[in-house]
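Colleague: Contents of target_16.csv (CSV, C-alpha atoms and all ligand atoms) are given next:
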```
chain,number,residue,atom,x,y,z
A,1,MET,CA,2.5,38.1,7.0
A,2,THR,CA,3.0,34.4,7.6
A,3,ILE,CA,3.1,31.8,4.9
A,4,GLY,CA,2.7,28.1,5.3
A,5,ILE,CA,4.6,25.5,3.3
A,6,VAL,CA,4.0,21.7,3.4
A,7,GLY,CA,7.1,19.7,2.3
A,8,GLY,CA,10.7,20.3,3.2
A,9,GLY,CA,12.4,18.9,0.1
A,10,ALA,CA,14.5,21.1,-2.2
A,11,TRP,CA,11.6,23.0,-3.7
A,12,GLY,CA,9.7,23.5,-0.5
A,13,THR,CA,12.9,24.8,1.1
A,14,ALA,CA,13.7,27.1,-1.8
A,15,LEU,CA,10.2,28.5,-1.7
A,16,ALA,CA,10.4,29.0,2.0
A,17,GLN,CA,13.6,31.0,1.7
A,18,THR,CA,12.2,33.1,-1.2
A,19,MET,CA,9.0,33.8,0.7
A,20,THR,CA,10.9,35.4,3.6
A,21,GLY,CA,12.1,38.1,1.2
A,22,ASN,CA,9.1,40.3,2.0
A,23,ASP,CA,9.6,40.4,5.7
A,24,SER,CA,7.3,37.4,5.9
A,25,ASP,CA,7.6,34.5,8.3
A,26,VAL,CA,7.4,31.0,7.0
A,27,ARG,CA,6.1,27.9,8.8
A,28,LEU,CA,7.5,24.9,7.0
A,29,TRP,CA,6.2,21.4,7.6
A,30,VAL,CA,8.9,18.8,7.3
A,31,ARG,CA,8.7,15.1,7.5
A,32,GLU,CA,12.2,14.1,8.7
A,33,PRO,CA,13.3,15.1,12.3
A,34,GLU,CA,16.9,15.5,11.2
A,35,VAL,CA,15.8,18.0,8.5
A,36,ILE,CA,13.8,20.0,11.1
A,37,GLU,CA,16.8,20.1,13.3
A,38,SER,CA,19.1,21.2,10.5
A,39,ILE,CA,16.8,24.0,9.4
A,40,ASN,CA,16.0,25.3,12.9
A,41,GLU,CA,19.5,24.9,14.5
A,42,ARG,CA,21.9,25.5,11.5
A,43,HIS,CA,19.6,27.4,9.1
A,44,GLU,CA,20.3,25.0,6.3
A,45,ASN,CA,18.5,22.0,4.8
A,46,ALA,CA,21.6,19.9,4.7
A,47,VAL,CA,19.7,16.9,3.2
A,48,TYR,CA,17.7,18.3,0.3
A,49,LEU,CA,19.2,21.8,-0.3
A,50,PRO,CA,22.7,21.8,1.0
A,51,GLY,CA,24.8,24.9,0.8
A,52,VAL,CA,22.0,27.4,0.9
A,53,LYS,CA,21.9,29.7,4.0
A,54,LEU,CA,18.3,30.0,5.2
A,55,SER,CA,16.7,33.0,6.9
A,56,GLU,CA,15.8,32.8,10.6
A,57,HIS,CA,12.3,33.6,9.5
A,58,VAL,CA,11.9,30.0,8.2
A,59,ARG,CA,10.7,27.8,11.1
A,60,ALA,CA,10.5,24.1,10.4
A,61,THR,CA,8.0,22.0,12.3
A,62,ASP,CA,6.3,18.5,12.3
A,63,ASP,CA,3.1,20.2,13.4
A,64,LEU,CA,0.8,20.3,10.4
A,65,ALA,CA,-2.0,22.0,12.3
A,66,TRP,CA,0.3,24.9,13.1
A,67,VAL,CA,1.1,25.4,9.5
A,68,ALA,CA,-2.6,25.0,8.5
A,69,GLU,CA,-3.4,28.1,10.7
A,70,VAL,CA,-2.1,30.5,8.1
A,71,SER,CA,-3.0,31.3,4.5
A,72,PRO,CA,-1.8,30.7,1.9
A,73,VAL,CA,-0.2,27.3,2.3
A,74,LEU,CA,2.1,26.2,-0.4
A,75,VAL,CA,1.9,22.4,-0.9
A,76,VAL,CA,5.2,20.9,-2.1
A,77,THR,CA,5.1,17.2,-1.3
A,78,PRO,CA,6.0,14.6,-4.0
A,79,ALA,CA,2.8,14.1,-6.1
A,80,GLN,CA,2.3,10.5,-4.9
A,81,HIS,CA,2.3,11.6,-1.3
A,82,MET,CA,0.1,14.6,-1.5
A,83,ARG,CA,-3.1,12.8,-0.6
A,84,SER,CA,-1.7,11.1,2.5
A,85,VAL,CA,-0.1,14.3,3.8
A,86,LEU,CA,-3.1,16.6,3.1
A,87,SER,CA,-5.5,14.2,4.6
A,88,ASN,CA,-3.8,15.0,8.0
A,89,MET,CA,-4.1,18.7,7.5
A,90,PRO,CA,-7.0,20.5,9.1
A,91,GLY,CA,-9.1,22.4,6.5
A,92,LYS,CA,-9.7,25.9,7.7
A,93,GLY,CA,-10.5,27.6,4.4
A,94,GLN,CA,-6.9,28.5,3.9
A,95,ALA,CA,-5.9,29.0,0.3
A,96,LEU,CA,-3.7,26.2,-1.1
A,97,ILE,CA,-1.1,26.8,-3.8
A,98,LEU,CA,0.0,23.4,-5.2
A,99,CYS,CA,3.6,23.5,-6.3
A,100,SER,CA,4.2,19.7,-7.0
A,101,LYS,CA,4.2,18.2,-10.5
A,102,GLY,CA,2.6,14.9,-11.2
A,103,ILE,CA,-0.6,12.8,-11.6
A,104,GLU,CA,-1.8,10.5,-8.9
A,105,ALA,CA,-1.2,6.8,-9.6
A,106,GLY,CA,-4.2,4.6,-9.5
A,107,SER,CA,-6.8,7.3,-9.7
A,108,GLN,CA,-5.2,9.2,-12.6
A,109,LYS,CA,-6.3,12.4,-10.8
A,110,PHE,CA,-4.6,15.8,-11.2
A,111,LEU,CA,-3.3,17.2,-8.0
A,112,HIS,CA,-6.0,20.0,-7.7
A,113,HIS,CA,-8.6,17.2,-7.6
A,114,VAL,CA,-6.6,15.4,-4.9
A,115,ALA,CA,-6.3,18.5,-2.8
A,116,ALA,CA,-10.0,19.4,-3.3
A,117,GLU,CA,-10.9,15.9,-2.1
A,118,THR,CA,-8.7,16.0,1.0
A,119,VAL,CA,-8.9,19.6,2.3
A,120,SER,CA,-12.4,20.9,2.3
A,121,HIS,CA,-13.4,24.5,1.7
A,122,SER,CA,-9.9,25.6,0.5
A,123,PRO,CA,-9.6,27.7,-2.6
A,124,ILE,CA,-6.9,26.0,-4.8
A,125,ALA,CA,-4.3,27.4,-7.1
A,126,VAL,CA,-1.4,25.8,-9.0
A,127,LEU,CA,2.2,27.2,-9.3
A,128,SER,CA,4.3,25.7,-12.0
A,129,GLY,CA,7.1,26.7,-14.4
A,130,PRO,CA,10.8,26.5,-15.1
A,131,THR,CA,12.1,26.5,-11.5
A,132,PHE,CA,15.3,24.7,-10.5
A,133,ALA,CA,15.1,25.0,-6.7
A,134,HIS,CA,18.8,25.8,-6.2
A,135,GLU,CA,18.5,28.8,-8.6
A,136,VAL,CA,15.3,30.1,-7.0
A,137,ALA,CA,17.0,29.8,-3.5
A,138,GLN,CA,19.9,31.9,-4.7
A,139,GLY,CA,17.5,34.7,-5.8
A,140,LEU,CA,18.1,34.2,-9.5
A,141,PRO,CA,15.3,35.6,-11.7
A,142,THR,CA,12.5,33.2,-12.3
A,143,ALA,CA,9.0,33.4,-13.8
A,144,VAL,CA,6.1,31.0,-13.1
A,145,THR,CA,2.5,30.4,-14.0
A,146,LEU,CA,0.1,30.8,-11.1
A,147,ALA,CA,-3.3,29.4,-12.1
A,148,ALA,CA,-6.6,29.4,-10.3
A,149,GLU,CA,-10.1,28.9,-11.8
A,150,ASN,CA,-11.1,32.2,-10.2
A,151,MET,CA,-8.9,34.9,-11.8
A,152,GLU,CA,-9.4,37.2,-8.8
A,153,LEU,CA,-7.9,34.5,-6.5
A,154,ALA,CA,-5.0,34.0,-8.9
A,155,GLN,CA,-4.3,37.8,-8.9
A,156,GLU,CA,-4.6,38.0,-5.1
A,157,LEU,CA,-2.2,35.1,-4.6
A,158,ALA,CA,0.2,36.4,-7.2
A,159,ALA,CA,0.5,39.6,-5.3
A,160,VAL,CA,1.2,37.6,-2.1
A,161,ILE,CA,4.0,35.4,-3.5
A,162,ALA,CA,5.6,37.8,-6.0
A,163,ARG,CA,9.1,38.7,-5.0
A,164,PRO,CA,11.7,40.9,-6.8
A,165,ALA,CA,13.2,37.8,-8.5
A,166,LEU,CA,10.0,35.6,-8.6
A,167,ARG,CA,7.5,36.8,-11.1
A,168,PRO,CA,4.1,35.0,-11.3
A,169,TYR,CA,2.0,35.2,-14.5
A,170,VAL,CA,-1.7,34.5,-13.7
A,171,SER,CA,-3.9,32.2,-15.6
A,172,SER,CA,-7.4,30.6,-15.1
A,173,ASP,CA,-6.2,27.3,-16.8
A,174,VAL,CA,-5.5,25.1,-13.8
A,175,VAL,CA,-5.6,21.8,-15.8
A,176,GLY,CA,-3.2,23.3,-18.4
A,177,ALA,CA,-0.7,24.4,-15.7
A,178,GLU,CA,-0.7,21.0,-14.1
A,179,ILE,CA,-0.4,19.1,-17.3
A,180,GLY,CA,2.7,21.0,-18.5
A,181,GLY,CA,4.6,20.3,-15.2
A,182,ALA,CA,3.6,16.6,-15.1
A,183,VAL,CA,4.3,15.8,-18.8
A,184,LYS,CA,7.6,17.6,-19.1
A,185,ASN,CA,9.1,15.4,-16.4
A,186,VAL,CA,8.4,12.3,-18.5
A,187,LEU,CA,9.8,14.0,-21.6
A,188,ALA,CA,12.9,15.1,-19.7
A,189,ILE,CA,13.7,11.5,-18.9
A,190,ALA,CA,13.5,10.8,-22.7
A,191,CYS,CA,15.9,13.7,-23.4
A,192,GLY,CA,18.3,12.4,-20.8
A,193,VAL,CA,18.2,9.0,-22.5
A,194,VAL,CA,19.2,10.7,-25.8
A,195,ASP,CA,22.1,12.3,-24.0
A,196,GLY,CA,23.2,9.2,-22.2
A,197,ALA,CA,23.0,7.1,-25.3
A,198,GLY,CA,25.1,9.7,-27.2
A,199,LEU,CA,22.4,10.3,-29.9
A,200,GLY,CA,23.4,14.0,-30.4
A,201,GLN,CA,21.9,17.5,-30.3
A,202,ASN,CA,19.7,17.1,-33.3
A,203,ALA,CA,17.9,14.1,-31.7
A,204,ARG,CA,17.4,16.1,-28.5
A,205,ALA,CA,15.9,19.1,-30.3
A,206,ALA,CA,13.6,16.7,-32.3
A,207,LEU,CA,12.5,15.1,-29.1
A,208,ILE,CA,11.7,18.4,-27.4
A,209,ALA,CA,9.6,19.4,-30.5
A,210,ARG,CA,7.8,16.1,-30.9
A,211,GLY,CA,7.4,15.8,-27.1
A,212,PHE,CA,5.8,19.2,-27.1
A,213,ALA,CA,3.4,18.0,-29.8
A,214,GLU,CA,2.6,15.0,-27.6
A,215,MET,CA,2.0,17.3,-24.5
A,216,THR,CA,-0.3,19.5,-26.6
A,217,ARG,CA,-2.3,16.5,-27.9
A,218,TYR,CA,-2.8,15.2,-24.4
A,219,GLY,CA,-3.4,18.6,-22.9
A,220,LEU,CA,-6.1,19.6,-25.4
A,221,ALA,CA,-7.8,16.2,-24.9
A,222,ARG,CA,-7.9,16.9,-21.2
A,223,GLY,CA,-9.3,20.4,-21.4
A,224,ALA,CA,-6.0,22.5,-21.3
A,225,LYS,CA,-5.6,25.7,-23.3
A,226,ALA,CA,-3.0,25.7,-26.0
A,227,GLU,CA,-1.5,29.0,-24.8
A,228,THR,CA,-0.9,27.6,-21.3
A,229,LEU,CA,0.9,24.6,-22.8
A,230,ALA,CA,3.1,27.0,-24.9
A,231,GLY,CA,3.8,29.1,-21.8
A,232,LEU,CA,6.0,28.9,-18.7
A,233,SER,CA,4.4,25.8,-17.2
A,234,GLY,CA,4.5,23.9,-20.5
A,235,LEU,CA,7.1,24.7,-23.1
A,236,GLY,CA,9.1,26.9,-20.7
A,237,ASP,CA,9.6,24.1,-18.2
A,238,LEU,CA,10.1,21.5,-21.0
A,239,VAL,CA,13.0,23.4,-22.4
A,240,LEU,CA,14.6,23.9,-19.0
A,241,THR,CA,14.2,20.3,-17.8
A,242,CYS,CA,15.3,18.8,-21.2
A,243,SER,CA,18.6,20.8,-21.2
A,244,SER,CA,20.4,20.2,-18.0
A,245,THR,CA,21.7,17.5,-15.6
A,246,SER,CA,20.5,19.8,-12.8
A,247,SER,CA,17.2,18.1,-13.6
A,248,ARG,CA,16.7,14.8,-11.6
A,249,ASN,CA,14.4,13.6,-14.4
A,250,PHE,CA,17.0,14.4,-17.1
A,251,SER,CA,19.8,12.8,-15.1
A,252,LEU,CA,17.7,9.7,-14.5
A,253,GLY,CA,17.3,9.5,-18.3
A,254,VAL,CA,21.1,9.9,-18.8
A,255,ALA,CA,21.7,6.9,-16.6
A,256,LEU,CA,19.0,4.9,-18.4
A,257,GLY,CA,20.6,5.8,-21.7
A,258,ARG,CA,23.9,4.5,-20.5
A,259,GLY,CA,22.3,1.1,-19.9
A,260,GLY,CA,21.4,1.4,-16.1
A,261,SER,CA,18.3,-0.1,-14.7
A,262,ALA,CA,15.6,2.3,-13.3
A,263,ASP,CA,15.4,0.4,-10.0
A,264,ALA,CA,19.1,0.5,-9.4
A,265,ILE,CA,19.4,4.2,-10.3
A,266,MET,CA,16.6,5.2,-8.1
A,267,ALA,CA,17.6,3.0,-5.2
A,268,ASP,CA,20.6,5.3,-4.7
A,269,ARG,CA,18.6,8.5,-4.6
A,270,LYS,CA,16.9,10.3,-1.8
A,271,THR,CA,15.4,12.9,-4.1
A,272,VAL,CA,12.3,12.4,-6.3
A,273,ALA,CA,12.3,12.0,-10.1
A,274,GLU,CA,8.6,12.6,-10.6
A,275,GLY,CA,8.6,11.5,-14.3
A,276,ALA,CA,9.3,7.9,-13.3
A,277,PHE,CA,6.0,7.8,-11.3
A,278,THR,CA,4.0,10.0,-13.8
A,279,ALA,CA,5.0,8.0,-16.9
A,280,PRO,CA,2.8,4.9,-16.4
A,281,VAL,CA,-0.2,7.0,-15.2
A,282,LEU,CA,0.1,9.3,-18.1
A,283,ARG,CA,0.3,6.4,-20.5
A,284,GLU,CA,-3.0,5.0,-19.0
A,285,SER,CA,-4.7,8.3,-19.0
A,286,ALA,CA,-3.6,9.0,-22.7
A,287,GLU,CA,-4.8,5.6,-23.8
A,288,GLU,CA,-8.2,6.2,-22.1
A,289,ALA,CA,-8.4,9.6,-23.9
A,290,GLY,CA,-7.4,8.0,-27.3
A,291,VAL,CA,-4.2,10.2,-27.5
A,292,ASP,CA,-1.1,8.8,-29.1
A,293,MET,CA,2.0,9.4,-26.8
A,294,PRO,CA,4.9,7.5,-28.3
A,295,VAL,CA,7.6,9.2,-26.3
A,296,THR,CA,5.8,8.5,-23.1
A,297,GLN,CA,5.3,4.9,-24.1
A,298,ALA,CA,9.0,4.7,-24.9
A,299,VAL,CA,9.9,6.1,-21.4
A,300,CYS,CA,7.6,3.5,-19.8
A,301,ALA,CA,9.3,0.7,-21.7
A,302,LEU,CA,12.7,1.9,-20.6
A,303,LEU,CA,11.6,2.2,-17.0
A,304,ASP,CA,10.4,-1.4,-17.3
A,305,GLY,CA,13.8,-2.5,-18.4
A,306,ALA,CA,13.5,-2.6,-22.2
A,307,ASP,CA,16.8,-2.3,-24.2
A,308,VAL,CA,17.7,1.3,-25.1
A,309,GLY,CA,18.6,0.4,-28.7
A,310,ASP,CA,15.3,-1.4,-29.3
A,311,VAL,CA,13.3,1.4,-27.9
A,312,ILE,CA,15.0,4.0,-30.1
A,313,ASP,CA,14.6,1.8,-33.2
A,314,GLY,CA,10.9,1.5,-32.4
A,315,LEU,CA,10.5,5.3,-32.2
A,316,LEU,CA,12.5,5.8,-35.4
A,317,ASN,CA,10.6,3.1,-37.4
A,318,ARG,CA,7.1,4.5,-36.7
A,319,PRO,CA,5.1,5.2,-39.9
A,320,LEU,CA,5.9,8.6,-41.4
A,321,ARG,CA,3.2,11.2,-40.6
A,322,GLU,CA,2.1,14.8,-40.9
A,323,GLU,CA,3.9,17.2,-38.6
A,324,GLY,CA,0.8,19.1,-37.2
A,325,VAL,CA,-0.5,18.2,-33.8
B,1,LIG,N1,13.4,20.5,-6.9
B,1,LIG,C1,12.9,21.3,-7.8
B,1,LIG,O1,13.7,22.0,-8.4
B,1,LIG,C2,11.5,21.4,-8.1
B,1,LIG,C3,11.0,22.5,-8.8
B,1,LIG,C4,9.6,22.6,-9.1
B,1,LIG,C5,8.8,21.6,-8.6
B,1,LIG,N2,9.3,20.6,-8.0
B,1,LIG,C6,8.3,19.6,-7.5
B,1,LIG,O2,8.1,19.7,-6.1
B,1,LIG,C7,7.8,18.4,-5.6
B,1,LIG,C8,8.7,18.1,-4.4
B,1,LIG,O3,10.0,17.9,-4.9
B,1,LIG,P1,11.3,18.3,-4.2
B,1,LIG,O4,12.3,18.6,-5.2
B,1,LIG,O5,11.0,19.4,-3.2
B,1,LIG,O6,11.6,17.0,-3.3
B,1,LIG,P2,13.1,16.4,-3.0
B,1,LIG,O7,13.4,15.4,-4.1
B,1,LIG,O8,14.1,17.5,-2.8
B,1,LIG,O9,12.8,15.7,-1.6
B,1,LIG,C9,12.0,14.5,-1.5
B,1,LIG,C10,10.8,14.9,-0.6
B,1,LIG,O10,9.9,13.8,-0.5
B,1,LIG,C11,9.5,13.8,0.8
B,1,LIG,N3,9.0,12.4,1.1
B,1,LIG,C12,9.6,11.2,0.9
B,1,LIG,N4,8.8,10.2,1.3
B,1,LIG,C13,7.6,10.8,1.7
B,1,LIG,C14,6.4,10.3,2.2
B,1,LIG,N5,6.2,9.0,2.4
B,1,LIG,N6,5.4,11.2,2.5
B,1,LIG,C15,5.6,12.5,2.3
B,1,LIG,N7,6.7,13.1,1.8
B,1,LIG,C16,7.7,12.2,1.5
B,1,LIG,C17,10.7,14.1,1.6
B,1,LIG,O11,10.4,14.5,2.9
B,1,LIG,C18,11.2,15.3,0.8
B,1,LIG,O12,10.5,16.5,1.2
B,1,LIG,C19,7.8,17.4,-6.7
B,1,LIG,O13,6.5,17.2,-7.3
B,1,LIG,C20,8.7,18.1,-7.8
B,1,LIG,O14,8.4,17.7,-9.1
B,1,LIG,C21,10.6,20.4,-7.7
B,2,LIG,O1,14.8,18.2,-11.2
B,2,LIG,P1,13.5,18.0,-11.9
B,2,LIG,O2,13.6,17.2,-13.1
B,2,LIG,O3,12.5,17.5,-10.9
B,2,LIG,O4,13.0,19.4,-12.3
B,2,LIG,C1,12.8,20.4,-11.4
B,2,LIG,C2,11.8,21.4,-11.8
B,2,LIG,O5,10.5,20.8,-12.1
B,2,LIG,C3,12.2,22.2,-13.0
B,2,LIG,O6,11.2,23.2,-13.3
```
Here is a file; write its structure as structure tokens.
Ligand SMILES: NC(=O)c1ccc[n+]([C@@H]2O[C@H](COP(=O)([O-])OP(=O)(O)OC[C@H]3O[C@@H](n4cnc5c(N)ncnc54)[C@H](O)[C@@H]3O)[C@@H](O)[C@H]2O)c1
Ligand SMILES: O=P(O)(O)OC[C@H](O)CO
Modeller:
Amino acid sequence: MTIGIVGGGAWGTALAQTMTGNDSDVRLWVREPEVIESINERHENAVYLPGVKLSEHVRATDDLAWVAEVSPVLVVTPAQHMRSVLSNMPGKGQALILCSKGIEAGSQKFLHHVAAETVSHSPIAVLSGPTFAHEVAQGLPTAVTLAAENMELAQELAAVIARPALRPYVSSDVVGAEIGGAVKNVLAIACGVVDGAGLGQNARAALIARGFAEMTRYGLARGAKAETLAGLSGLGDLVLTCSSTSSRNFSLGVALGRGGSADAIMADRKTVAEGAFTAPVLRESAEEAGVDMPVTQAVCALLDGADVGDVIDGLLNRPLREEGV
């Protein structure tokens, strides 16, 4: 079979390589000509996933219509670019599996809403979970949530994308799967700050637990199910991303915790730290829903240049409260 992928960053490329594992061909839409050349001529994405040998069954292209001819199409653009990319993709009723993590700035829309508005007649699913691209590309064991409102669709797509080392668990909770992935990126920045500022392992564990409480409050207010938030796409991904400098969000936080400015840190990077874009949107969305998200607010303040010590003092000096969500 042939699978389409839109987005040739680290994650789109890792998924492309993994999908070839079933004798499948992959059509991979890539934005940059030099990346297309690198993949098709040297079978490596030297820009976004260097050092991983890619199968000859991965064909990179700038022709979105050619990718749109097949089904399913995995959509792996940065969240803030999904609308503009998908608005150029012909809708042919192909199933879309959204693999990006974020909330659209301005509209505060989740990505399945963005996709539904831009590609007509496509059934939509969300793939999310603890998935460092470089590990997936090496064939290391990985489990993900695959959510679609229609459970039959989720099961059908799970069978299509499952590979020996990629194990999808199906769910009908699309909102929950999206919220876990979007919120954990913001919390990972906070955990990185704890690391960069040298606040210790106790503080990091406290932040993961209180961050999860925050994710749960927001998720429940937006219609997510608690069990999804406690699953692979929520808690699972939160633990992964809050524990390792392999995470771009965590490493952004480390640099912020050492006193760097967000603009200067991100100016040096070609890769995306989605949490930096999600944080202000999430803060707005939470305020509208009447949900208290102190860690998210702290991350926003740090991204806006607030002093690390002041922000940490502000969190520690909040009134004492009950632990329950
Ligand atoms: N890397 C991972 O381990 C991983 C795992 C799971 C999910 N994700 C999610 O996948 C999404 C893509 O991340 P990534 O890691 O593949 O990206 P990346 O950081 O490796 O690469 C950046 C990507 O952004 C694209 N880009 C830059 N400007 C653009 C524009 N104007 N329009 C369209 N595309 C543009 C580039 O072409 C490139 O594909 C993100 O939402 C991320 O959270 C990443
Ligand atoms: O490198 P990050 O922080 O974007 O995290 C990558 C994946 O989302 C981990 O599941």
Colleague: Between chain A and ligand LIG 1 (chain B), at 6 Å or less, what are the per-residue closest atom pairs and their distances in Å? Count only C-alpha atoms and all ligand atoms, order by chain and rising residue number, and return it as CSV.
Modeller:
```
residue,atom,partner,partner_atom,distance
A:Gly7,CA,B:LIG1,O12,4.8
A:Gly8,CA,B:LIG1,O12,4.3
A:Gly9,CA,B:LIG1,O12,3.3
A:Ala10,CA,B:LIG1,O8,3.7
A:Trp11,CA,B:LIG1,O5,3.7
A:Gly12,CA,B:LIG1,O5,5.1
A:Arg31,CA,B:LIG1,O11,4.9
A:Tyr48,CA,B:LIG1,O8,4.8
A:Val76,CA,B:LIG1,C7,5.0
A:Thr77,CA,B:LIG1,C8,4.8
A:Pro78,CA,B:LIG1,O13,4.2
A:Ala79,CA,B:LIG1,O13,5.0
A:His81,CA,B:LIG1,N6,4.9
A:Cys99,CA,B:LIG1,O2,5.9
A:Ser100,CA,B:LIG1,O13,3.4
A:Lys101,CA,B:LIG1,O13,4.1
A:Gly102,CA,B:LIG1,O13,6.0
A:Thr131,CA,B:LIG1,C3,4.9
A:Phe132,CA,B:LIG1,O1,3.8
A:Ala133,CA,B:LIG1,O1,3.7
A:Thr271,CA,B:LIG1,O7,3.2
A:Val272,CA,B:LIG1,O7,3.9
A:Glu274,CA,B:LIG1,O14,5.3
```
Colleague: Return as a PyMOL selection string every polymer residue, whether protein, DNA or RNA, with at least one atom no more than 8 Å from an atom of ligand LIG 2 (chain B); count all atoms listed in the file.
Modeller: chain A and resi 101+128-133+181+185+188+237-238+240-241+246-251+272-275
Colleague: May I ask which of the residues A:Ile161, A:Ile97, A:Ala154, A:Val144 is the closest one to A:Ser24, counting only C-alpha atoms?
Modeller: A:Ile161
Colleague: Using all atoms listed in the file for the distances, tell me which of A:Met19, A:Leu146, A:Ala213, A:Val308 is nearest to A:Ile124.
Modeller: A:Leu146
Colleague: Which is closer to A:Leu86 than all the others in A:Ile36, A:Val26, A:Ile5, A:Ile103, using all atoms listed in the file?
Modeller: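 Checking each of A:Ile36, A:Val26, A:Ile5, A:Ile103 against A:Leu86, counting all atoms listed in the file, the winner is A:Ile5.
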Colleague: Using all atoms listed in the file, which residues sit within 9 Å of A:Ser55 once same-chain residues fewer than 5 positions away are excluded, as a PyMOL selection string?
Modeller: chain A and resi 16-17+20-21+43-44
Colleague: One decimal, in Å: what's the spacing between atom CA of A:Pro141 and atom CA of A:Gly253?
Modeller: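 Going from atom CA of A:Pro141 over to atom CA of A:Gly253, I get 27.0 Å.
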Colleague: Report, in Å with one decimal, the straight-line distance from atom CA of A:Val58 to atom CA of A:Ala14.
Modeller: 10.6 Å
Colleague: Nearest residue to A:Glu322 out of A:Arg210, A:Met151, A:Gln201, A:Arg258, using all atoms listed in the file?
Modeller: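 Selected residue with least distance to A:Glu322: A:Arg210.
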Colleague: For the atom pair atom CA of A:Pro280 and atom CA of A:Glu178, what is the interatomic distance in Å to one decimal place?
Modeller: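 Taking atom CA of A:Pro280 and atom CA of A:Glu178, their separation equals 16.6 Å.
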Colleague: Using only C-alpha atoms, which residue out of A:Ala125, A:Val254, A:Leu302, A:Thr145 lies closest to A:Ala230?
Modeller: A:Thr145
Colleague: If we count all atoms listed in the file, what is near A:Val194 at a cut-off of 8 Å, once residues fewer than 5 positions away on the same chain are taken out, given as a list in words?
Modeller: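 Final neighbour list, sorted by chain and number: Leu199, Gly200, Ala203, Arg204, Gly253, Val254 and Gly257 of chain A.
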Colleague: Report as a PyMOL selection string all protein, DNA and RNA residues lying within 6 Å of A:Trp29, evaluated on only C-alpha atoms, omitting residues in the same chain fewer than 4 positions from it.
Modeller: chain A and resi 6-7+60-62
Colleague: Can you work out which one of A:Ala276, A:Val193, A:Leu166, A:Ala224 has the shortest atom-to-atom distance to A:Ala147, counting all atoms listed in the file?
Modeller: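 Going through A:Ala276, A:Val193, A:Leu166, A:Ala224 one by one, the smallest distance to A:Ala147 is for A:Ala224.
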